[in-house]
file upload-v1.cif (mmCIF, C-alpha atoms and all ligand atoms)
data_model
#
loop_
_atom_site.label_atom_id
_atom_site.label_comp_id
_atom_site.auth_asym_id
_atom_site.auth_seq_id
_atom_site.Cartn_x
_atom_site.Cartn_y
_atom_site.Cartn_z
CA MET Q 1 -71.45 -29.61 27.52
CA LYS Q 2 -74.71 -29.11 25.63
CA ARG Q 3 -74.91 -30.76 22.23
CA ARG Q 4 -75.00 -27.43 20.37
CA GLU Q 5 -71.93 -26.17 22.22
CA LEU Q 6 -70.09 -29.38 21.50
CA ILE Q 7 -70.70 -28.99 17.79
CA ARG Q 8 -69.52 -25.41 17.96
CA TYR Q 9 -66.36 -26.52 19.80
CA LEU Q 10 -65.63 -29.28 17.30
CA SER Q 11 -66.11 -27.03 14.33
CA ALA Q 12 -63.65 -24.55 15.80
CA ALA Q 13 -60.96 -27.21 16.23
CA PRO Q 14 -58.34 -27.37 13.50
CA LEU Q 15 -58.80 -30.13 10.91
CA ALA Q 16 -55.35 -31.62 11.11
CA GLY Q 17 -52.90 -31.69 13.99
CA GLY Q 18 -53.70 -31.00 17.62
CA LEU Q 19 -53.93 -27.68 19.32
CA SER Q 20 -50.57 -26.24 20.14
CA LEU Q 21 -49.86 -25.32 23.73
CA HIS Q 22 -50.80 -21.66 23.34
CA GLN Q 23 -53.73 -22.10 20.99
CA VAL Q 24 -57.22 -22.16 22.38
CA SER Q 25 -60.49 -22.54 20.52
CA GLU Q 26 -61.17 -19.45 18.42
CA GLU Q 27 -64.19 -18.58 20.50
CA VAL Q 28 -62.21 -18.10 23.70
CA ALA Q 29 -59.60 -15.38 23.85
CA SER Q 30 -56.22 -16.86 24.67
CA PRO Q 31 -55.12 -16.13 28.24
CA TYR Q 32 -51.50 -16.56 27.25
CA VAL Q 33 -49.18 -13.76 26.32
CA THR Q 34 -47.31 -14.50 23.14
CA GLY Q 35 -43.95 -13.19 22.11
CA THR Q 36 -42.42 -13.52 25.60
CA SER Q 37 -39.50 -15.22 23.97
CA GLY Q 38 -38.30 -16.05 20.50
CA PRO Q 39 -35.30 -15.37 18.34
CA GLU Q 40 -35.63 -11.62 18.80
CA ARG Q 41 -35.37 -11.79 22.57
CA ASP Q 42 -31.85 -11.76 23.99
CA LEU Q 43 -32.10 -12.72 27.64
CA ILE Q 44 -28.36 -12.59 28.13
CA SER Q 45 -28.20 -8.88 27.37
CA GLU Q 46 -31.57 -8.18 28.96
CA LEU Q 47 -30.28 -9.58 32.25
CA GLY Q 48 -26.90 -7.95 31.83
CA LEU Q 49 -25.04 -11.26 31.92
CA LYS Q 50 -21.38 -11.17 31.01
CA THR Q 51 -20.47 -13.55 28.19
CA PHE Q 52 -16.90 -14.51 27.47
CA ILE Q 53 -14.59 -16.63 25.36
CA ASN Q 54 -13.87 -19.83 27.28
CA ALA Q 55 -10.18 -20.53 26.75
CA ALA Q 56 -10.02 -22.19 30.15
CA CYS Q 57 -11.76 -25.45 30.94
CA VAL Q 58 -15.03 -27.33 31.11
CA CYS Q 59 -15.30 -26.15 34.71
CA THR Q 60 -18.70 -26.03 36.38
CA SER Q 61 -18.48 -22.33 37.28
CA LEU Q 62 -17.85 -21.38 33.63
CA THR Q 63 -20.94 -23.41 32.62
CA ALA Q 64 -18.64 -26.12 31.23
CA SER Q 65 -19.41 -26.39 27.50
CA LEU Q 66 -21.76 -25.17 24.78
CA MET Q 67 -24.33 -27.58 23.43
CA PRO Q 68 -24.21 -28.19 19.68
CA PRO Q 69 -27.43 -27.54 17.69
CA GLU Q 70 -28.42 -31.23 17.49
CA VAL Q 71 -28.37 -31.36 21.30
CA THR Q 72 -30.45 -28.20 21.79
CA GLN Q 73 -32.88 -29.44 19.12
CA ALA Q 74 -33.40 -32.61 21.16
CA ILE Q 75 -34.28 -30.40 24.13
CA VAL Q 76 -36.78 -28.25 22.23
CA LYS Q 77 -38.47 -31.21 20.56
CA GLY Q 78 -38.39 -33.39 23.66
CA ALA Q 79 -40.14 -30.70 25.69
CA GLU Q 80 -43.23 -30.83 23.48
CA GLU Q 81 -44.75 -34.18 24.54
CA PHE Q 82 -45.55 -36.08 27.69
CA VAL Q 83 -43.73 -39.36 28.12
CA LEU Q 84 -43.36 -41.54 31.20
CA LEU Q 85 -40.18 -40.64 33.07
CA ASN Q 86 -39.32 -44.30 33.69
CA ASP Q 87 -39.96 -45.08 30.05
CA VAL Q 88 -37.52 -42.46 28.75
CA LEU Q 89 -34.94 -43.49 31.38
CA ASP Q 90 -35.32 -47.16 30.36
CA LYS Q 91 -35.10 -46.59 26.62
CA VAL Q 92 -32.28 -44.05 26.69
CA GLY Q 93 -30.48 -46.18 29.28
CA GLU Q 94 -30.62 -49.22 26.97
CA ARG Q 95 -29.22 -47.22 24.05
CA ILE Q 96 -26.43 -45.70 26.13
CA ALA Q 97 -25.50 -49.13 27.55
CA LYS Q 98 -25.23 -50.54 24.04
CA LEU Q 99 -23.10 -47.62 22.80
CA CYS Q 100 -20.77 -47.86 25.80
CA ARG Q 101 -20.65 -51.67 25.99
CA ALA Q 102 -22.09 -51.70 29.49
CA GLU Q 103 -24.73 -54.08 30.83
CA ALA Q 104 -26.97 -51.17 31.76
CA ALA Q 105 -26.96 -47.39 32.07
CA THR Q 106 -29.03 -44.48 33.30
CA VAL Q 107 -28.91 -40.70 32.97
CA THR Q 108 -28.17 -38.84 36.19
CA ALA Q 109 -28.02 -35.18 37.23
CA GLY Q 110 -24.29 -34.89 36.46
CA CYS Q 111 -21.36 -37.08 37.45
CA TRP Q 112 -21.70 -36.02 41.11
CA SER Q 113 -25.22 -37.37 41.16
CA ALA Q 114 -24.06 -40.57 39.43
CA LEU Q 115 -21.69 -41.12 42.36
CA VAL Q 116 -24.47 -40.66 44.94
CA GLN Q 117 -27.02 -42.72 43.04
CA GLY Q 118 -24.60 -45.54 42.21
CA LEU Q 119 -23.45 -45.89 45.79
CA ALA Q 120 -27.05 -45.74 47.04
CA GLY Q 121 -27.80 -48.70 44.75
CA ALA Q 122 -24.83 -50.64 46.09
CA MET Q 123 -26.01 -49.98 49.65
CA THR Q 124 -29.73 -50.72 49.31
CA GLY Q 125 -29.95 -53.31 46.56
CA MET Q 126 -33.62 -53.78 45.59
CA ASP Q 127 -34.83 -53.32 49.19
CA ARG Q 128 -37.28 -50.41 49.11
CA GLN Q 129 -37.31 -50.11 52.87
CA LYS Q 130 -33.57 -49.46 52.82
CA VAL Q 131 -34.05 -46.96 49.98
CA MET Q 132 -36.42 -44.94 52.17
CA GLN Q 133 -34.14 -45.28 55.19
CA LEU Q 134 -31.07 -43.51 53.71
CA PRO Q 135 -29.10 -41.52 54.85
CA ASP Q 136 -29.62 -43.59 58.00
CA VAL Q 137 -27.30 -46.51 57.20
CA LYS Q 138 -28.33 -48.83 60.06
CA GLY Q 139 -28.21 -52.45 58.91
CA MET Q 140 -26.57 -51.58 55.57
CA ARG Q 141 -23.12 -51.81 54.11
CA SER Q 142 -21.95 -48.24 54.48
CA GLU Q 143 -18.17 -47.95 54.11
CA VAL Q 144 -16.44 -46.81 50.93
CA ILE Q 145 -12.76 -47.57 50.50
CA ILE Q 146 -10.70 -44.94 48.63
CA GLN Q 147 -7.00 -44.40 48.08
CA LYS Q 148 -5.83 -41.42 50.14
CA THR Q 149 -4.56 -39.65 47.01
CA HIS Q 150 -7.99 -39.99 45.37
CA ALA Q 151 -9.78 -38.18 48.20
CA THR Q 152 -9.47 -34.72 46.64
CA GLY Q 153 -13.01 -33.39 47.04
CA TYR Q 154 -15.30 -35.21 44.64
CA HIS Q 155 -15.42 -38.17 47.05
CA GLN Q 156 -17.63 -35.95 49.24
CA ALA Q 157 -20.49 -36.90 46.91
CA LEU Q 158 -20.36 -40.41 48.33
CA THR Q 159 -21.01 -39.21 51.87
CA ASN Q 160 -24.37 -37.81 50.71
CA THR Q 161 -25.75 -41.33 51.12
CA GLY Q 162 -24.73 -41.43 54.78
CA ALA Q 163 -21.76 -43.67 53.97
CA SER Q 164 -18.37 -43.09 55.54
CA ILE Q 165 -14.99 -43.01 53.82
CA VAL Q 166 -12.10 -45.32 54.67
CA LEU Q 167 -8.73 -44.14 53.33
CA VAL Q 168 -6.01 -46.59 52.30
CA GLU Q 169 -2.71 -46.55 50.43
CA THR Q 170 -1.69 -50.12 49.60
CA ALA Q 171 -3.46 -53.24 48.37
CA ALA Q 172 -2.71 -54.87 51.73
CA GLU Q 173 -4.48 -51.97 53.44
CA VAL Q 174 -7.50 -52.47 51.17
CA GLU Q 175 -7.69 -56.13 52.16
CA ALA Q 176 -7.37 -55.24 55.83
CA ALA Q 177 -10.07 -52.55 55.53
CA ILE Q 178 -12.65 -54.75 53.81
CA ASN Q 179 -15.27 -56.06 56.22
CA SER Q 180 -18.98 -56.88 56.33
CA LYS Q 181 -19.75 -53.10 56.21
CA THR Q 182 -17.85 -52.41 52.98
CA ALA Q 183 -20.19 -51.14 50.27
CA LEU Q 184 -17.88 -49.94 47.51
CA LEU Q 185 -14.29 -49.52 46.30
CA TRP Q 186 -14.15 -46.09 44.62
CA PHE Q 187 -11.51 -44.93 42.12
CA LEU Q 188 -10.91 -41.40 40.80
CA ASN Q 189 -9.44 -41.60 37.30
CA ARG Q 190 -7.78 -38.18 37.34
CA GLU Q 191 -5.60 -39.22 40.29
CA LEU Q 192 -4.52 -42.48 38.66
CA SER Q 193 -0.84 -41.56 38.64
CA LYS Q 194 -0.83 -40.51 42.31
CA GLY Q 195 -2.24 -43.72 43.79
CA GLN Q 196 -0.23 -46.90 44.35
CA ILE Q 197 -3.06 -49.13 43.16
CA LYS Q 198 -3.93 -49.00 39.45
CA TYR Q 199 -7.07 -50.09 37.55
CA GLU Q 200 -6.57 -53.85 37.21
CA GLU Q 201 -5.55 -54.39 40.79
CA TRP Q 202 -8.46 -52.28 42.07
CA VAL Q 203 -10.95 -54.28 40.00
CA ALA Q 204 -9.34 -57.56 41.08
CA LEU Q 205 -9.59 -56.61 44.76
CA GLY Q 206 -13.30 -55.90 44.28
CA LYS Q 207 -13.92 -59.19 42.49
CA LYS Q 208 -11.93 -61.20 45.04
CA HIS Q 209 -14.00 -59.83 47.94
CA LYS Q 210 -17.26 -59.46 45.98
CA ILE Q 211 -17.40 -55.72 46.62
CA PRO Q 212 -18.55 -53.47 43.74
CA THR Q 213 -15.95 -51.11 42.23
CA MET Q 214 -16.80 -47.67 40.83
CA ILE Q 215 -14.69 -45.28 38.77
CA ASP Q 216 -15.26 -41.53 38.33
CA ILE Q 217 -14.23 -40.48 34.80
CA ALA Q 218 -16.15 -37.17 34.86
CA SER Q 219 -14.01 -35.15 32.48
CA ASP Q 220 -12.55 -38.05 30.51
CA ALA Q 221 -14.77 -38.46 27.46
CA ASN Q 222 -11.52 -37.97 25.53
CA PRO Q 223 -9.93 -40.18 24.36
CA VAL Q 224 -13.26 -41.60 23.24
CA ASP Q 225 -12.48 -45.23 24.09
CA ASN Q 226 -12.71 -44.23 27.76
CA LEU Q 227 -16.46 -44.54 27.24
CA TRP Q 228 -16.23 -48.33 27.09
CA LYS Q 229 -12.70 -49.10 28.36
CA PHE Q 230 -13.64 -49.16 32.05
CA ASN Q 231 -16.79 -51.20 31.49
CA GLU Q 232 -14.71 -53.78 29.64
CA MET Q 233 -12.02 -53.66 32.30
CA GLY Q 234 -14.55 -54.88 34.85
CA PHE Q 235 -15.47 -51.82 36.90
CA ASP Q 236 -18.98 -52.49 38.19
CA LEU Q 237 -20.00 -48.83 37.90
CA VAL Q 238 -18.67 -45.98 35.74
CA ALA Q 239 -19.70 -42.33 36.28
CA ILE Q 240 -19.17 -39.53 33.75
CA SER Q 241 -20.35 -35.95 33.22
CA GLY Q 242 -22.61 -35.22 30.25
CA GLY Q 243 -21.86 -31.53 30.02
CA LYS Q 244 -18.08 -31.54 29.94
CA ALA Q 245 -16.20 -33.01 26.96
CA MET Q 246 -19.40 -34.55 25.54
CA ARG Q 247 -21.18 -31.19 25.37
CA GLY Q 248 -24.53 -32.46 26.56
CA PRO Q 249 -26.66 -30.46 29.02
CA GLN Q 250 -24.47 -29.36 31.93
CA SER Q 251 -26.94 -30.82 34.39
CA THR Q 252 -26.61 -34.38 33.04
CA GLY Q 253 -24.30 -37.32 33.52
CA ILE Q 254 -24.24 -41.07 32.97
CA LEU Q 255 -24.07 -43.94 35.43
CA MET Q 256 -23.37 -47.24 33.70
CA GLY Q 257 -22.36 -50.74 34.67
CA ARG Q 258 -23.82 -53.86 36.24
CA LYS Q 259 -27.50 -54.36 35.52
CA ASP Q 260 -28.47 -55.21 39.11
CA LEU Q 261 -26.67 -52.14 40.48
CA ILE Q 262 -28.18 -49.76 37.91
CA ALA Q 263 -31.66 -51.13 38.66
CA ALA Q 264 -31.07 -50.76 42.40
CA SER Q 265 -29.73 -47.21 41.95
CA ARG Q 266 -32.87 -46.18 40.08
CA LEU Q 267 -34.96 -46.88 43.21
CA SER Q 268 -33.31 -43.88 44.88
CA ALA Q 269 -33.90 -41.58 41.89
CA PRO Q 270 -36.96 -39.86 40.35
CA PRO Q 271 -39.76 -40.71 39.88
CA ASN Q 272 -39.12 -42.71 43.07
CA SER Q 273 -38.72 -40.98 46.38
CA GLY Q 274 -35.32 -41.66 47.80
CA ILE Q 275 -32.06 -39.95 48.47
CA CYS Q 276 -31.68 -38.75 44.84
CA ARG Q 277 -35.29 -37.55 44.46
CA GLY Q 278 -33.98 -34.01 44.15
CA HIS Q 279 -31.46 -34.99 41.45
CA LYS Q 280 -34.12 -34.86 38.76
CA VAL Q 281 -33.23 -34.80 35.08
CA ASN Q 282 -36.11 -33.78 32.85
CA LYS Q 283 -37.09 -35.83 29.82
CA GLU Q 284 -35.71 -33.39 27.28
CA GLU Q 285 -32.32 -33.36 28.93
CA ILE Q 286 -32.30 -37.16 29.13
CA LEU Q 287 -32.91 -37.22 25.37
CA ALA Q 288 -30.30 -34.54 24.78
CA MET Q 289 -27.74 -36.49 26.81
CA TYR Q 290 -28.28 -39.44 24.51
CA VAL Q 291 -27.84 -37.27 21.41
CA ALA Q 292 -24.67 -35.70 22.83
CA LEU Q 293 -23.19 -39.14 23.49
CA GLU Q 294 -24.12 -40.38 20.02
CA ARG Q 295 -22.59 -37.28 18.45
CA HIS Q 296 -19.43 -37.64 20.51
CA LEU Q 297 -19.01 -41.27 19.42
CA LYS Q 298 -19.55 -40.36 15.76
CA THR Q 299 -17.13 -37.44 15.83
CA ASP Q 300 -13.91 -37.88 13.85
CA HIS Q 301 -11.63 -37.38 16.84
CA GLU Q 302 -8.45 -37.27 14.75
CA LYS Q 303 -9.83 -34.42 12.70
CA GLU Q 304 -11.07 -32.69 15.82
CA TRP Q 305 -7.60 -33.00 17.36
CA LYS Q 306 -6.04 -31.44 14.22
CA MET Q 307 -8.56 -28.61 14.45
CA TRP Q 308 -7.53 -27.96 18.07
CA GLU Q 309 -3.86 -28.04 17.07
CA ALA Q 310 -4.49 -25.55 14.27
CA SER Q 311 -6.24 -23.16 16.68
CA MET Q 312 -3.43 -23.56 19.15
CA ALA Q 313 -0.86 -22.82 16.42
CA VAL Q 314 -2.56 -19.49 15.68
CA ILE Q 315 -2.09 -18.47 19.33
CA VAL Q 316 1.45 -19.84 19.68
CA ASN Q 317 2.60 -18.22 16.44
CA ALA Q 318 1.26 -14.87 17.58
CA VAL Q 319 3.31 -14.82 20.77
CA LYS Q 320 6.40 -16.93 20.14
CA GLY Q 321 8.29 -14.10 18.46
CA LEU Q 322 7.79 -11.74 21.42
CA LYS Q 323 10.97 -11.22 23.41
CA GLY Q 324 11.08 -13.22 26.63
CA VAL Q 325 7.85 -15.16 25.94
CA ARG Q 326 7.91 -18.96 26.32
CA PRO Q 327 4.90 -20.85 24.92
CA GLU Q 328 4.83 -24.57 25.74
CA VAL Q 329 2.01 -26.87 24.61
CA PHE Q 330 1.24 -30.00 26.61
CA VAL Q 331 -1.61 -32.50 26.83
CA PRO Q 332 -2.96 -33.59 30.24
CA GLU Q 333 -3.04 -37.37 30.00
CA ILE Q 334 -6.17 -37.80 32.09
CA ALA Q 335 -8.91 -35.24 32.76
CA ASN Q 336 -9.31 -32.59 30.06
CA HIS Q 337 -7.21 -34.51 27.52
CA THR Q 338 -6.71 -31.71 24.97
CA PRO Q 339 -3.81 -29.52 23.79
CA THR Q 340 -3.15 -26.97 26.53
CA LEU Q 341 -0.79 -24.00 26.41
CA HIS Q 342 1.43 -23.07 29.32
CA LEU Q 343 2.54 -19.52 28.61
CA THR Q 344 5.29 -17.97 30.69
CA TRP Q 345 7.50 -14.96 30.13
CA ASP Q 346 10.49 -13.14 31.52
CA GLU Q 347 8.86 -10.91 34.12
CA GLY Q 348 11.91 -8.66 34.05
CA LEU Q 349 11.13 -7.81 30.43
CA ILE Q 350 7.36 -8.01 30.60
CA ARG Q 351 6.14 -6.41 33.83
CA LEU Q 352 3.08 -8.53 34.44
CA ASN Q 353 2.37 -11.70 36.38
CA GLY Q 354 0.03 -14.52 35.42
CA LYS Q 355 -2.76 -13.31 37.67
CA GLU Q 356 -2.60 -9.80 36.20
CA LEU Q 357 -2.66 -11.05 32.61
CA LYS Q 358 -5.61 -13.33 33.43
CA GLU Q 359 -7.49 -10.34 34.90
CA ARG Q 360 -6.76 -8.09 31.93
CA LEU Q 361 -7.99 -10.71 29.48
CA TRP Q 362 -11.16 -11.21 31.53
CA ASN Q 363 -11.81 -7.47 31.67
CA GLY Q 364 -11.18 -6.90 27.96
CA ASP Q 365 -13.82 -6.76 25.26
CA PRO Q 366 -14.69 -9.52 24.61
CA GLY Q 367 -13.73 -11.02 27.96
CA ILE Q 368 -11.49 -14.06 27.73
CA GLU Q 369 -11.20 -16.62 30.54
CA VAL Q 370 -7.86 -18.43 30.88
CA MET Q 371 -6.32 -20.44 33.75
CA LEU Q 372 -3.32 -19.78 35.93
CA GLY Q 373 -0.21 -21.85 35.32
CA GLY Q 374 -0.36 -25.13 37.23
CA THR Q 375 -4.14 -25.60 36.89
CA MET Q 376 -3.98 -28.48 34.39
CA GLY Q 377 -0.23 -29.02 34.20
CA GLU Q 378 2.48 -29.48 36.79
CA LYS Q 379 4.32 -26.24 36.11
CA LYS Q 380 3.26 -23.07 37.90
CA GLY Q 381 3.64 -19.44 36.81
CA GLY Q 382 2.18 -17.53 33.86
CA ILE Q 383 -1.12 -18.68 32.41
CA GLU Q 384 -2.59 -21.82 30.86
CA LEU Q 385 -5.19 -21.91 28.13
CA SER Q 386 -7.06 -24.43 26.02
CA VAL Q 387 -8.85 -24.14 22.67
CA TRP Q 388 -11.36 -27.02 22.68
CA GLN Q 389 -14.30 -24.88 23.80
CA LEU Q 390 -13.69 -22.03 21.32
CA LYS Q 391 -16.12 -20.99 18.63
CA PRO Q 392 -14.48 -20.75 15.17
CA GLY Q 393 -12.36 -17.61 14.90
CA GLN Q 394 -12.03 -16.94 18.62
CA GLU Q 395 -8.43 -18.20 18.51
CA LYS Q 396 -7.58 -15.08 16.48
CA ILE Q 397 -9.11 -12.80 19.10
CA ILE Q 398 -7.12 -14.55 21.83
CA ALA Q 399 -3.92 -14.30 19.77
CA SER Q 400 -4.28 -10.58 19.23
CA ARG Q 401 -5.33 -9.84 22.83
CA LEU Q 402 -2.30 -11.75 24.15
CA ARG Q 403 0.04 -9.80 21.84
CA GLU Q 404 -1.59 -6.56 22.89
CA GLU Q 405 -1.34 -7.15 26.66
CA LEU Q 406 2.14 -8.66 26.59
CA GLY Q 407 3.29 -5.83 24.30
CA LYS Q 408 1.83 -3.11 26.55
CA ALA Q 409 3.61 -4.57 29.58
CA THR Q 410 6.96 -4.89 27.82
CA VAL Q 411 9.63 -2.57 29.19
CA LYS Q 412 10.94 -0.25 26.48
CA LEU Q 413 14.58 -1.12 25.70
CA ALA Q 414 15.77 2.39 26.52
CA ASN Q 415 14.37 2.01 30.06
CA ILE Q 416 16.26 -1.18 30.91
C1 LIG F 1 -16.76 -32.27 37.25
C2 LIG F 1 -16.43 -33.45 38.06
C3 LIG F 1 -17.40 -34.11 38.84
C4 LIG F 1 -18.80 -33.57 38.95
O1 LIG F 1 -19.43 -33.70 37.73
P1 LIG F 1 -20.81 -32.95 37.40
O2 LIG F 1 -21.17 -33.50 36.06
O3 LIG F 1 -20.51 -31.48 37.41
O4 LIG F 1 -21.76 -33.34 38.46
C5 LIG F 1 -17.04 -35.25 39.52
N1 LIG F 1 -15.79 -35.73 39.47
C6 LIG F 1 -14.81 -35.12 38.75
C7 LIG F 1 -13.44 -35.72 38.71
C8 LIG F 1 -15.10 -33.96 38.02
O5 LIG F 1 -14.15 -33.36 37.30
#

call {"tool": "encode", "arguments": {"input": "upload-v1.cif", "output": "structure tokens", "more": "lines below"}}
Ligand SMILES: *Cc1c(COP(=O)(O)O)cnc(C)c1O
result
Amino acid sequence: MKRRELIRYLSAAPLAGGLSLHQVSEEVASPYVTGTSGPERDLISELGLKTFINAACVCTSLTASLMPPEVTQAIVKGAEEFVLLNDVLDKVGERIAKLCRAEAATVTAGCWSALVQGLAGAMTGMDRQKVMQLPDVKGMRSEVIIQKTHATGYHQALTNTGASIVLVETAAEVEAAINSKTALLWFLNRELSKGQIKYEEWVALGKKHKIPTMIDIASDANPVDNLWKFNEMGFDLVAISGGKAMRGPQSTGILMGRKDLIAASRLSAPPNSGICRGHKVNKEEILAMYVALERHLKTDHEKEWKMWEASMAVIVNAVKGLKGVRPEVFVPEIANHTPTLHLTWDEGLIRLNGKELKERLWNGDPGIEVMLGGTMGEKKGGIELSVWQLKPGQEKIIASRLREELGKATVKLANI
């Protein structure tokens, strides 16, 4: 640059603050189009996406949860600067570990990814050659022991590493299955009641044989003490979703536990090349995950519970007087621990089954998504619905839509 040009460039630069991303020196016309987004642009309607009231669950297909403003602000702000990926993972990891009383923690691309990354760490340790070798497990511990009743689908994540699954039922079977190839004892919290072996015994088996234990508590951020309970109980690794009950970005999760295992697991994750290289979480979502966790821990969970109960009461009160309708509220103990309504009715009086009511609610305006009976609870038939993901006031819409559809399907007395 010639001296004269340099002076011209400097004099065109703003006095305070740097150039923003779309600003260029005044002398060069900006190549960037402005106004491609902003508050006035509504991509959801532009793309013709259907929105709906989520009275169902924090299920992946429904996009799980809505992020609160403090979480989306962390995304917007975090996206504006370069930081080192390892640096943000280190610092956020330290904070999360402290909040959850774990030795160490890291942000992963969801709970599924936490399972893959955690197991990879248990298999490779700090050996970078092994990290690059996966999913070829030659020379590595590569068997994961799971109770048969816990092998309900999510355990497939573990096989991403190349590891194989060994199914057991009793503690004696665990002891018989453990050998020099055993990498991990894995526990699925939501199936606690179905397995013969409970937390303490599982942890004790791991400690006795010096095999790491891991628990999947994906959808169990409520009750809130679950966030530290399993670390304190002695599980070596704990995996949880960020975008379910905690309302962080849907693509995030947390892996926490033993320092050496977390450090080893990071070798398989970005910015390193390894089996989780594709499970990247960007810096702004790492920051947002931290904010979502902080917010969840600071929430007054008793008040929140009362708020859920009040919303549920609006719905129950609207339908309980209808002839033949039976509303029953229950709380799943583990996984989606929140008041849940099981609504059934006399199908002789109201000519509609659960599937039909679910469809009519979905196709209404606004669409409402509910679950079929038996999704969260034991009892089948009718529908189930929850209120924890509602925006204020949506409980009233649900109440009136339920009355409307149940009323329309009710056989007129004269016709019976
Ligand atoms: C949702 C879920 C997962 C996967 O979690 P993501 O955060 O979607 O990756 C794993 N295990 C259980 C029990 C879950 O409910």

call {"tool": "closest_residue", "arguments": {"input": "upload-v1.cif", "among": "Q:Ala218, Q:Val28, Q:Val131, Q:Ile397", "to": "Ser265 in chain Q", "atoms": "all atoms listed in the file"}}
result
Q:Val131

call {"tool": "residues_near_ligand", "arguments": {"input": "upload-v1.cif", "ligand": "ligand LIG 1 (chain F)", "cutoff": "6 Å", "atoms": "all atoms listed in the file", "output": "PyMOL selection string"}}
result
chain Q and resi 60+110-113+154+216+218-219+241+253

call {"tool": "closest_residue", "arguments": {"input": "upload-v1.cif", "among": "Q:Leu357, Q:Ile146, Q:Ala151, Q:Ala264", "to": "Gly121 in chain Q", "atoms": "all atoms listed in the file"}}
result
Q:Ala264

call {"tool": "atom_distance", "arguments": {"input": "upload-v1.cif", "atom1": "CA of Met312 in chain Q", "atom2": "CA of Lys391 in chain Q"}}
result
13.0 Å

call {"tool": "closest_residue", "arguments": {"input": "upload-v1.cif", "among": "Q:Glu285, Q:Asp365, Q:Glu70, Q:Glu359", "to": "Leu85 in chain Q", "atoms": "all atoms listed in the file"}}
result
Q:Glu285

call {"tool": "closest_residue", "arguments": {"input": "upload-v1.cif", "among": "Q:Gly139, Q:Gly257, Q:Pro249, Q:Pro212", "to": "Trp228 in chain Q", "atoms": "only C-alpha atoms"}}
result
Q:Gly257

call {"tool": "closest_residue", "arguments": {"input": "upload-v1.cif", "among": "Q:Ala263, Q:Ile178, Q:Leu43, Q:Val144", "to": "Ile165 in chain Q", "atoms": "all atoms listed in the file"}}
result
Q:Val144

call {"tool": "residues_around", "arguments": {"input": "upload-v1.cif", "residues": "Gln147 in chain Q", "least_positions_apart": "5", "cutoff": "9 Å", "atoms": "only C-alpha atoms", "output": "PyMOL selection string"}}
result
chain Q and resi 166-170+174+186-188+195-197

call {"tool": "residues_around", "arguments": {"input": "upload-v1.cif", "residues": "Leu227 in chain Q", "least_positions_apart": "3", "cutoff": "10 Å", "atoms": "only C-alpha atoms", "output": "number ranges by chain"}}
result
Q: 99-102, 217, 220-224, 230-232, 238-240, 256, 293, 297

call {"tool": "closest_residue", "arguments": {"input": "upload-v1.cif", "among": "Q:Lys181, Q:His155, Q:His150, Q:Arg351", "to": "Met123 in chain Q", "atoms": "only C-alpha atoms"}}
result
Q:Lys181

call {"tool": "atom_distance", "arguments": {"input": "upload-v1.cif", "atom1": "CA of Lys210 in chain Q", "atom2": "CA of Met140 in chain Q"}}
result
15.5 Å

call {"tool": "residues_near_point", "arguments": {"input": "upload-v1.cif", "point": "(-3.0, -23.8, 34.3)", "cutoff": "10 Å", "atoms": "all atoms listed in the file", "output": "mmCIF file with C-alpha atoms, in the frame of the given file"}}
result
data_model
loop_
_atom_site.group_PDB
_atom_site.id
_atom_site.type_symbol
_atom_site.label_atom_id
_atom_site.label_comp_id
_atom_site.auth_asym_id
_atom_site.auth_seq_id
_atom_site.Cartn_x
_atom_site.Cartn_y
_atom_site.Cartn_z
ATOM 1 C CA ALA Q 56 -10.020 -22.190 30.150
ATOM 2 C CA CYS Q 57 -11.760 -25.450 30.940
ATOM 3 C CA THR Q 340 -3.150 -26.970 26.530
ATOM 4 C CA LEU Q 341 -0.790 -24.000 26.410
ATOM 5 C CA HIS Q 342 1.430 -23.070 29.320
ATOM 6 C CA LEU Q 343 2.540 -19.520 28.610
ATOM 7 C CA GLY Q 354 0.030 -14.520 35.420
ATOM 8 C CA VAL Q 370 -7.860 -18.430 30.880
ATOM 9 C CA MET Q 371 -6.320 -20.440 33.750
ATOM 10 C CA LEU Q 372 -3.320 -19.780 35.930
ATOM 11 C CA GLY Q 373 -0.210 -21.850 35.320
ATOM 12 C CA GLY Q 374 -0.360 -25.130 37.230
ATOM 13 C CA THR Q 375 -4.140 -25.600 36.890
ATOM 14 C CA MET Q 376 -3.980 -28.480 34.390
ATOM 15 C CA GLY Q 377 -0.230 -29.020 34.200
ATOM 16 C CA GLU Q 378 2.480 -29.480 36.790
ATOM 17 C CA LYS Q 379 4.320 -26.240 36.110
ATOM 18 C CA LYS Q 380 3.260 -23.070 37.900
ATOM 19 C CA GLY Q 381 3.640 -19.440 36.810
ATOM 20 C CA GLY Q 382 2.180 -17.530 33.860
ATOM 21 C CA ILE Q 383 -1.120 -18.680 32.410
ATOM 22 C CA GLU Q 384 -2.590 -21.820 30.860
ATOM 23 C CA LEU Q 385 -5.190 -21.910 28.130
ATOM 24 C CA SER Q 386 -7.060 -24.430 26.020
#

call {"tool": "residues_near_point", "arguments": {"input": "upload-v1.cif", "point": "(-20.4, -51.6, 39.2)", "cutoff": "6 Å", "atoms": "only C-alpha atoms", "output": "MDAnalysis selection string"}}
result
chainID Q and resid 212:214 235:237 257:258

call {"tool": "atom_distance", "arguments": {"input": "upload-v1.cif", "atom1": "CA of Asp87 in chain Q", "atom2": "CA of Lys283 in chain Q"}}
result
9.7 Å

call {"tool": "decode", "arguments": {"input": "upload-v1.cif", "residues": "range 131-135 of chain Q", "atoms": "C-alpha atoms", "output": "short mmCIF file (atom, residue, chain, number, x, y, z; two decimals), in the first residue's frame"}}
result
data_model
loop_
_atom_site.label_atom_id
_atom_site.label_comp_id
_atom_site.auth_asym_id
_atom_site.auth_seq_id
_atom_site.Cartn_x
_atom_site.Cartn_y
_atom_site.Cartn_z
CA VAL Q 131 -7.80 -42.32 18.78
CA MET Q 132 -7.00 -42.35 15.06
CA GLN Q 133 -7.54 -46.11 14.83
CA LEU Q 134 -11.23 -46.16 15.92
CA PRO Q 135 -13.64 -47.68 14.92
#
